[in-house]
Amino acid sequence: MNKQAIAQLLDQAAMNAEAVEQISGTQSFTENQAYEIQALAMEERYKRGDHFVGLKLGFTSFAKMEQMGVHDMIWGRLTKNMWIENGATIDLNSFIHPRAEPEIAFKLKKDLDREISLEEIPEYIESCCVAIEIIDSRYKNFKFSLEDVIADNCSSTGFVLGDWHPLPASLNNLQMSLSFDGEIVESDSSNAILDNPYLSVCNASRLGAKYGQPFPKGSVLLAGAATPAVFIKTNSTITATVESLGSVSCLTN
Ligand code: OOG
Ligand code: MG
């Protein structure tokens, strides 16, 4: 298989907001090869002046795994151009079929290059906040295998961060919700994220180290959605809320 050609195909699909066929429909490839394709596709973005700002985990909740029919944790890269200001309006013409997810984000207070334990989190993580993740699979009908979605940088497209808060002793049992125009469309407890959202930090540190992705001070980590993702409509206000962390919003045109 030509990994560079697939990386370029996926990069172009994202740039042109035009869906492509699943790669796995015609070629079989491994999870490791999928991460290599992801890295090559990211190089295309970096060449255009974009840069790495953090990591995201996917399929950390049962609800998400069930929705997409895949059953393993995945990770992708977040870049500066994906960062959407809290309250900003996003142009849906630049996406294919975007969906929103309610998430929790973390900020690193020092470089992280190895797997850390729950006990070490206060040493490495400065703060947390509520976040919206916008995902937009580059595959037709938002359908993919685990390898396909990894190669496609885990559908990463945009993220909105709320106000940073000092780390609480626990992030368990917090009500999380996603609303469109003030109406809740999905909600669940933060326990949906790996039974403990702090475990996302441990897993991200493990995966970043395993695949050789530096995770420097100041980087952001998205812990993964607590609920299924919901298709975004035009002219609406999207809000994610996490009990005790507040809310974050963006608008669509
Ligand atoms: C893959 C991205 C999954 C999450 O939070 O679980 C994800 C997808 O569903 O397209 O971001
Ligand atoms: Mg997500």
# chains A, B, ... in the order shown; residues from 1 in each chain; ligands from 1
call {"tool": "residues_around", "arguments": {"residues": "Asn32 (chain A)", "least_positions_apart": "3", "cutoff": "10 Å", "atoms": "only C-alpha atoms", "output": "PyMOL selection string"}}
result
chain A and resi 29+35-38+147+150-151+211
call {"tool": "select_by_dssp", "arguments": {"residues": "region 52-190 of chain A", "states": "strand (DSSP E)", "output": "ChimeraX atom specification"}}
result
/A:52-58,74-79,83-84,89-90,99-108,125-135,156-161,165-166,175-180,183-189
call {"tool": "select_by_dssp", "arguments": {"residues": "region 134-251 of chain A", "states": "alpha helix (DSSP H)", "output": "list of chain:residue names"}}
result
A:Leu146, A:Glu147, A:Asp148, A:Val149, A:Ile150, A:Ala151, A:Tyr198, A:Leu199, A:Ser200, A:Val201, A:Cys202, A:Asn203, A:Ala204, A:Ser205, A:Arg206, A:Leu207, A:Gly208, A:Ala209, A:Lys210
call {"tool": "atom_distance", "arguments": {"atom1": "CA of Lys140 (chain A)", "atom2": "CA of Gln22 (chain A)"}}
result
7.3 Å
call {"tool": "closest_residue", "arguments": {"among": "A:Leu178, A:Val185, A:Ala209, A:Leu108", "to": "Ser247 (chain A)", "atoms": "only C-alpha atoms"}}
result
A:Leu178
call {"tool": "closest_residue", "arguments": {"among": "A:Ser170, A:Gln67, A:Ser205, A:Gln8", "to": "ligand 1", "atoms": "only C-alpha atoms and all ligand atoms"}}
result
A:Gln67
call {"tool": "residues_near_ligand", "arguments": {"ligand": "ligand 2", "cutoff": "7 Å", "atoms": "only C-alpha atoms and all ligand atoms", "output": "number ranges by chain"}}
result
A: 56-58, 101, 103, 133, 135, 222, 224-225
call {"tool": "write_last_selection", "arguments": {"atoms": "N, CA and C atoms", "output": "PDB file, in the first residue's frame"}}
result
ATOM      1  N   LYS A  56      -6.041  13.974  21.365  1.00  0.00           N
ATOM      2  CA  LYS A  56      -7.414  13.629  21.746  1.00  0.00           C
ATOM      3  C   LYS A  56      -7.530  12.119  21.806  1.00  0.00           C
ATOM      4  N   LEU A  57      -8.343  11.661  22.702  1.00  0.00           N
ATOM      5  CA  LEU A  57      -8.668  10.240  22.735  1.00  0.00           C
ATOM      6  C   LEU A  57     -10.055  10.059  22.161  1.00  0.00           C
ATOM      7  N   GLY A  58     -10.287   8.918  21.543  1.00  0.00           N
ATOM      8  CA  GLY A  58     -11.616   8.597  21.041  1.00  0.00           C
ATOM      9  C   GLY A  58     -12.043   7.236  21.540  1.00  0.00           C
ATOM     10  N   GLU A 101     -19.641  16.742  20.197  1.00  0.00           N
ATOM     11  CA  GLU A 101     -19.553  15.857  21.365  1.00  0.00           C
ATOM     12  C   GLU A 101     -19.241  16.689  22.610  1.00  0.00           C
ATOM     13  N   GLU A 103     -17.237  17.091  25.965  1.00  0.00           N
ATOM     14  CA  GLU A 103     -15.996  16.482  26.454  1.00  0.00           C
ATOM     15  C   GLU A 103     -15.427  17.248  27.650  1.00  0.00           C
ATOM     16  N   GLU A 133     -16.131  18.940  21.223  1.00  0.00           N
ATOM     17  CA  GLU A 133     -15.329  18.502  20.090  1.00  0.00           C
ATOM     18  C   GLU A 133     -16.223  18.409  18.859  1.00  0.00           C
ATOM     19  N   ILE A 135     -16.360  16.685  15.326  1.00  0.00           N
ATOM     20  CA  ILE A 135     -15.726  15.641  14.509  1.00  0.00           C
ATOM     21  C   ILE A 135     -16.403  15.627  13.141  1.00  0.00           C
ATOM     22  N   LEU A 222      -7.988  16.153  24.915  1.00  0.00           N
ATOM     23  CA  LEU A 222      -9.440  15.912  24.974  1.00  0.00           C
ATOM     24  C   LEU A 222      -9.650  14.465  25.418  1.00  0.00           C
ATOM     25  N   GLY A 224     -12.255  12.486  25.406  1.00  0.00           N
ATOM     26  CA  GLY A 224     -13.195  11.591  24.707  1.00  0.00           C
ATOM     27  C   GLY A 224     -14.616  11.887  25.132  1.00  0.00           C
ATOM     28  N   ALA A 225     -15.539  11.670  24.207  1.00  0.00           N
ATOM     29  CA  ALA A 225     -16.933  12.050  24.455  1.00  0.00           C
ATOM     30  C   ALA A 225     -17.595  11.145  25.487  1.00  0.00           C
TER      31      ALA A 225
END
call {"tool": "residues_around", "arguments": {"residues": "Leu167 (chain A)", "least_positions_apart": "3", "cutoff": "9 Å", "atoms": "only C-alpha atoms", "output": "PyMOL selection string"}}
result
chain A and resi 106+122+125-128+170-171
call {"tool": "write_last_selection", "arguments": {"atoms": "N, CA and C atoms", "output": "PDB file, in the first residue's frame"}}
result
ATOM      1  N   PHE A 106      -7.962  18.750  29.284  1.00  0.00           N
ATOM      2  CA  PHE A 106      -6.904  18.970  30.283  1.00  0.00           C
ATOM      3  C   PHE A 106      -5.787  19.791  29.658  1.00  0.00           C
ATOM      4  N   PRO A 122      -1.560  15.253  39.315  1.00  0.00           N
ATOM      5  CA  PRO A 122      -1.394  16.645  39.776  1.00  0.00           C
ATOM      6  C   PRO A 122      -0.023  17.242  39.429  1.00  0.00           C
ATOM      7  N   ILE A 125      -0.628  17.734  35.226  1.00  0.00           N
ATOM      8  CA  ILE A 125      -1.793  18.423  34.649  1.00  0.00           C
ATOM      9  C   ILE A 125      -2.124  19.652  35.483  1.00  0.00           C
ATOM     10  N   GLU A 126      -2.244  20.793  34.762  1.00  0.00           N
ATOM     11  CA  GLU A 126      -2.437  22.071  35.440  1.00  0.00           C
ATOM     12  C   GLU A 126      -3.917  22.336  35.716  1.00  0.00           C
ATOM     13  N   SER A 127      -4.764  22.047  34.723  1.00  0.00           N
ATOM     14  CA  SER A 127      -6.157  22.454  34.838  1.00  0.00           C
ATOM     15  C   SER A 127      -7.042  21.633  33.900  1.00  0.00           C
ATOM     16  N   CYS A 128      -8.339  21.814  34.087  1.00  0.00           N
ATOM     17  CA  CYS A 128      -9.288  21.099  33.219  1.00  0.00           C
ATOM     18  C   CYS A 128     -10.427  22.046  32.857  1.00  0.00           C
ATOM     19  N   SER A 170     -11.776  14.858  42.330  1.00  0.00           N
ATOM     20  CA  SER A 170     -12.395  13.817  41.508  1.00  0.00           C
ATOM     21  C   SER A 170     -13.172  14.465  40.366  1.00  0.00           C
ATOM     22  N   LEU A 171     -13.198  13.788  39.232  1.00  0.00           N
ATOM     23  CA  LEU A 171     -14.038  14.233  38.108  1.00  0.00           C
ATOM     24  C   LEU A 171     -15.170  13.233  37.879  1.00  0.00           C
TER      25      LEU A 171
END
call {"tool": "atom_distance", "arguments": {"atom1": "CA of Ala14 (chain A)", "atom2": "CA of Ala192 (chain A)"}}
result
29.5 Å
call {"tool": "residues_around", "arguments": {"residues": "Thr89 (chain A)", "least_positions_apart": "6", "cutoff": "8 Å", "atoms": "only C-alpha atoms", "output": "PyMOL selection string"}}
result
chain A and resi 250-253
call {"tool": "write_last_selection", "arguments": {"atoms": "N, CA and C atoms", "output": "tab-separated table (two decimals), in the first residue's frame"}}
result
chain	number	residue	atom	x	y	z
A	250	CYS	N	-20.50	27.28	20.83
A	250	CYS	CA	-20.16	27.87	19.54
A	250	CYS	C	-21.44	27.95	18.72
A	251	LEU	N	-21.40	28.78	17.70
A	251	LEU	CA	-22.59	28.98	16.86
A	251	LEU	C	-22.30	28.45	15.46
A	252	THR	N	-23.35	28.12	14.74
A	252	THR	CA	-23.16	27.70	13.35
A	252	THR	C	-23.93	28.63	12.42
A	253	ASN	N	-23.43	28.76	11.20
A	253	ASN	CA	-24.14	29.62	10.25
A	253	ASN	C	-24.75	28.79	9.14
call {"tool": "closest_residue", "arguments": {"among": "A:Ala223, A:Met15, A:Met1, A:Met176", "to": "Gly76 (chain A)", "atoms": "only C-alpha atoms"}}
result
A:Ala223
call {"tool": "closest_residue", "arguments": {"among": "A:Asn16, A:Thr79, A:Ser219, A:Thr60", "to": "ligand 1", "atoms": "only C-alpha atoms and all ligand atoms"}}
result
A:Thr60
call {"tool": "decode", "arguments": {"residues": "region 119-135 of chain A", "atoms": "all heavy atoms", "output": "compact mmCIF listing (two decimals), in the first residue's frame"}}
result
# COMPACT_ATOMS: atom_id res chain seq x y z
N GLU A 119 -1.88 8.81 40.38
CA GLU A 119 -1.25 9.57 41.48
C GLU A 119 -0.37 10.70 40.95
O GLU A 119 -0.16 11.70 41.62
CB GLU A 119 -0.39 8.66 42.38
CG GLU A 119 -1.17 7.64 43.19
CD GLU A 119 -1.83 6.54 42.33
OE1 GLU A 119 -1.21 6.12 41.33
OE2 GLU A 119 -2.97 6.16 42.65
N GLU A 120 0.17 10.51 39.73
CA GLU A 120 1.10 11.52 39.18
C GLU A 120 0.38 12.67 38.46
O GLU A 120 1.03 13.65 38.06
CB GLU A 120 2.06 10.85 38.19
CG GLU A 120 3.05 9.93 38.85
CD GLU A 120 3.91 9.20 37.82
OE1 GLU A 120 3.37 8.33 37.11
OE2 GLU A 120 5.10 9.53 37.72
N ILE A 121 -0.93 12.56 38.27
CA ILE A 121 -1.65 13.56 37.48
C ILE A 121 -1.47 14.99 38.01
O ILE A 121 -1.18 15.91 37.22
CB ILE A 121 -3.13 13.16 37.32
CG1 ILE A 121 -3.20 12.00 36.31
CG2 ILE A 121 -4.00 14.33 36.86
CD1 ILE A 121 -4.57 11.45 36.04
N PRO A 122 -1.56 15.25 39.32
CA PRO A 122 -1.39 16.64 39.78
C PRO A 122 -0.02 17.24 39.43
O PRO A 122 0.11 18.45 39.29
CB PRO A 122 -1.57 16.53 41.29
CG PRO A 122 -2.33 15.26 41.49
CD PRO A 122 -1.90 14.34 40.40
N GLU A 123 0.98 16.36 39.25
CA GLU A 123 2.31 16.85 38.90
C GLU A 123 2.37 17.29 37.44
O GLU A 123 3.14 18.17 37.07
CB GLU A 123 3.29 15.69 39.15
CG GLU A 123 4.74 16.04 39.08
CD GLU A 123 5.59 14.75 39.18
OE1 GLU A 123 5.18 13.78 39.86
OE2 GLU A 123 6.67 14.75 38.55
N TYR A 124 1.57 16.67 36.58
CA TYR A 124 1.66 16.92 35.14
C TYR A 124 0.51 17.75 34.56
O TYR A 124 0.65 18.34 33.49
CB TYR A 124 1.71 15.58 34.39
CG TYR A 124 3.07 14.93 34.47
CD1 TYR A 124 3.39 14.05 35.50
CD2 TYR A 124 4.05 15.24 33.54
CE1 TYR A 124 4.64 13.48 35.59
CE2 TYR A 124 5.31 14.68 33.61
CZ TYR A 124 5.60 13.80 34.64
OH TYR A 124 6.85 13.25 34.72
N ILE A 125 -0.63 17.73 35.23
CA ILE A 125 -1.79 18.42 34.65
C ILE A 125 -2.12 19.65 35.48
O ILE A 125 -2.27 19.58 36.70
CB ILE A 125 -3.02 17.48 34.58
CG1 ILE A 125 -2.68 16.20 33.81
CG2 ILE A 125 -4.22 18.19 33.94
CD1 ILE A 125 -2.40 16.38 32.34
N GLU A 126 -2.24 20.79 34.76
CA GLU A 126 -2.44 22.07 35.44
C GLU A 126 -3.92 22.34 35.72
O GLU A 126 -4.29 22.80 36.78
CB GLU A 126 -1.90 23.13 34.47
CG GLU A 126 -1.93 24.54 34.92
CD GLU A 126 -1.26 25.39 33.85
OE1 GLU A 126 -0.02 25.33 33.74
OE2 GLU A 126 -1.99 26.10 33.12
N SER A 127 -4.76 22.05 34.72
CA SER A 127 -6.16 22.45 34.84
C SER A 127 -7.04 21.63 33.90
O SER A 127 -6.54 20.89 33.05
CB SER A 127 -6.28 23.95 34.51
OG SER A 127 -5.52 24.26 33.37
N CYS A 128 -8.34 21.81 34.09
CA CYS A 128 -9.29 21.10 33.22
C CYS A 128 -10.43 22.05 32.86
O CYS A 128 -10.62 23.07 33.52
CB CYS A 128 -9.82 19.85 33.91
SG CYS A 128 -10.72 20.16 35.42
N CYS A 129 -11.16 21.70 31.83
CA CYS A 129 -12.30 22.54 31.43
C CYS A 129 -13.30 21.71 30.64
O CYS A 129 -13.01 20.60 30.21
CB CYS A 129 -11.83 23.74 30.60
SG CYS A 129 -11.25 23.36 28.95
N VAL A 130 -14.48 22.30 30.45
CA VAL A 130 -15.49 21.68 29.60
C VAL A 130 -15.12 22.00 28.14
O VAL A 130 -14.56 23.06 27.86
CB VAL A 130 -16.90 22.21 29.95
CG1 VAL A 130 -16.96 23.71 29.96
CG2 VAL A 130 -17.97 21.66 28.99
N ALA A 131 -15.42 21.07 27.23
CA ALA A 131 -15.07 21.28 25.83
C ALA A 131 -16.15 20.72 24.91
O ALA A 131 -16.90 19.83 25.30
CB ALA A 131 -13.74 20.59 25.51
N ILE A 132 -16.21 21.30 23.72
CA ILE A 132 -17.00 20.70 22.63
C ILE A 132 -15.98 20.18 21.64
O ILE A 132 -15.05 20.90 21.27
CB ILE A 132 -17.87 21.75 21.89
CG1 ILE A 132 -18.86 22.43 22.84
CG2 ILE A 132 -18.59 21.12 20.70
CD1 ILE A 132 -19.55 23.65 22.21
N GLU A 133 -16.13 18.94 21.22
CA GLU A 133 -15.33 18.50 20.09
C GLU A 133 -16.22 18.41 18.86
O GLU A 133 -17.33 17.88 18.92
CB GLU A 133 -14.63 17.16 20.30
CG GLU A 133 -13.73 16.96 19.09
CD GLU A 133 -12.91 15.70 18.96
OE1 GLU A 133 -13.26 14.68 19.55
OE2 GLU A 133 -11.92 15.77 18.23
N ILE A 134 -15.74 18.97 17.74
CA ILE A 134 -16.43 18.82 16.45
C ILE A 134 -15.67 17.74 15.68
O ILE A 134 -14.46 17.88 15.46
CB ILE A 134 -16.39 20.14 15.63
CG1 ILE A 134 -16.84 21.35 16.46
CG2 ILE A 134 -17.20 19.99 14.34
CD1 ILE A 134 -18.30 21.46 16.71
N ILE A 135 -16.36 16.69 15.33
CA ILE A 135 -15.73 15.64 14.51
C ILE A 135 -16.40 15.63 13.14
O ILE A 135 -17.58 15.96 13.02
CB ILE A 135 -15.80 14.25 15.17
CG1 ILE A 135 -17.23 13.87 15.55
CG2 ILE A 135 -14.89 14.20 16.39
CD1 ILE A 135 -17.39 12.42 16.00
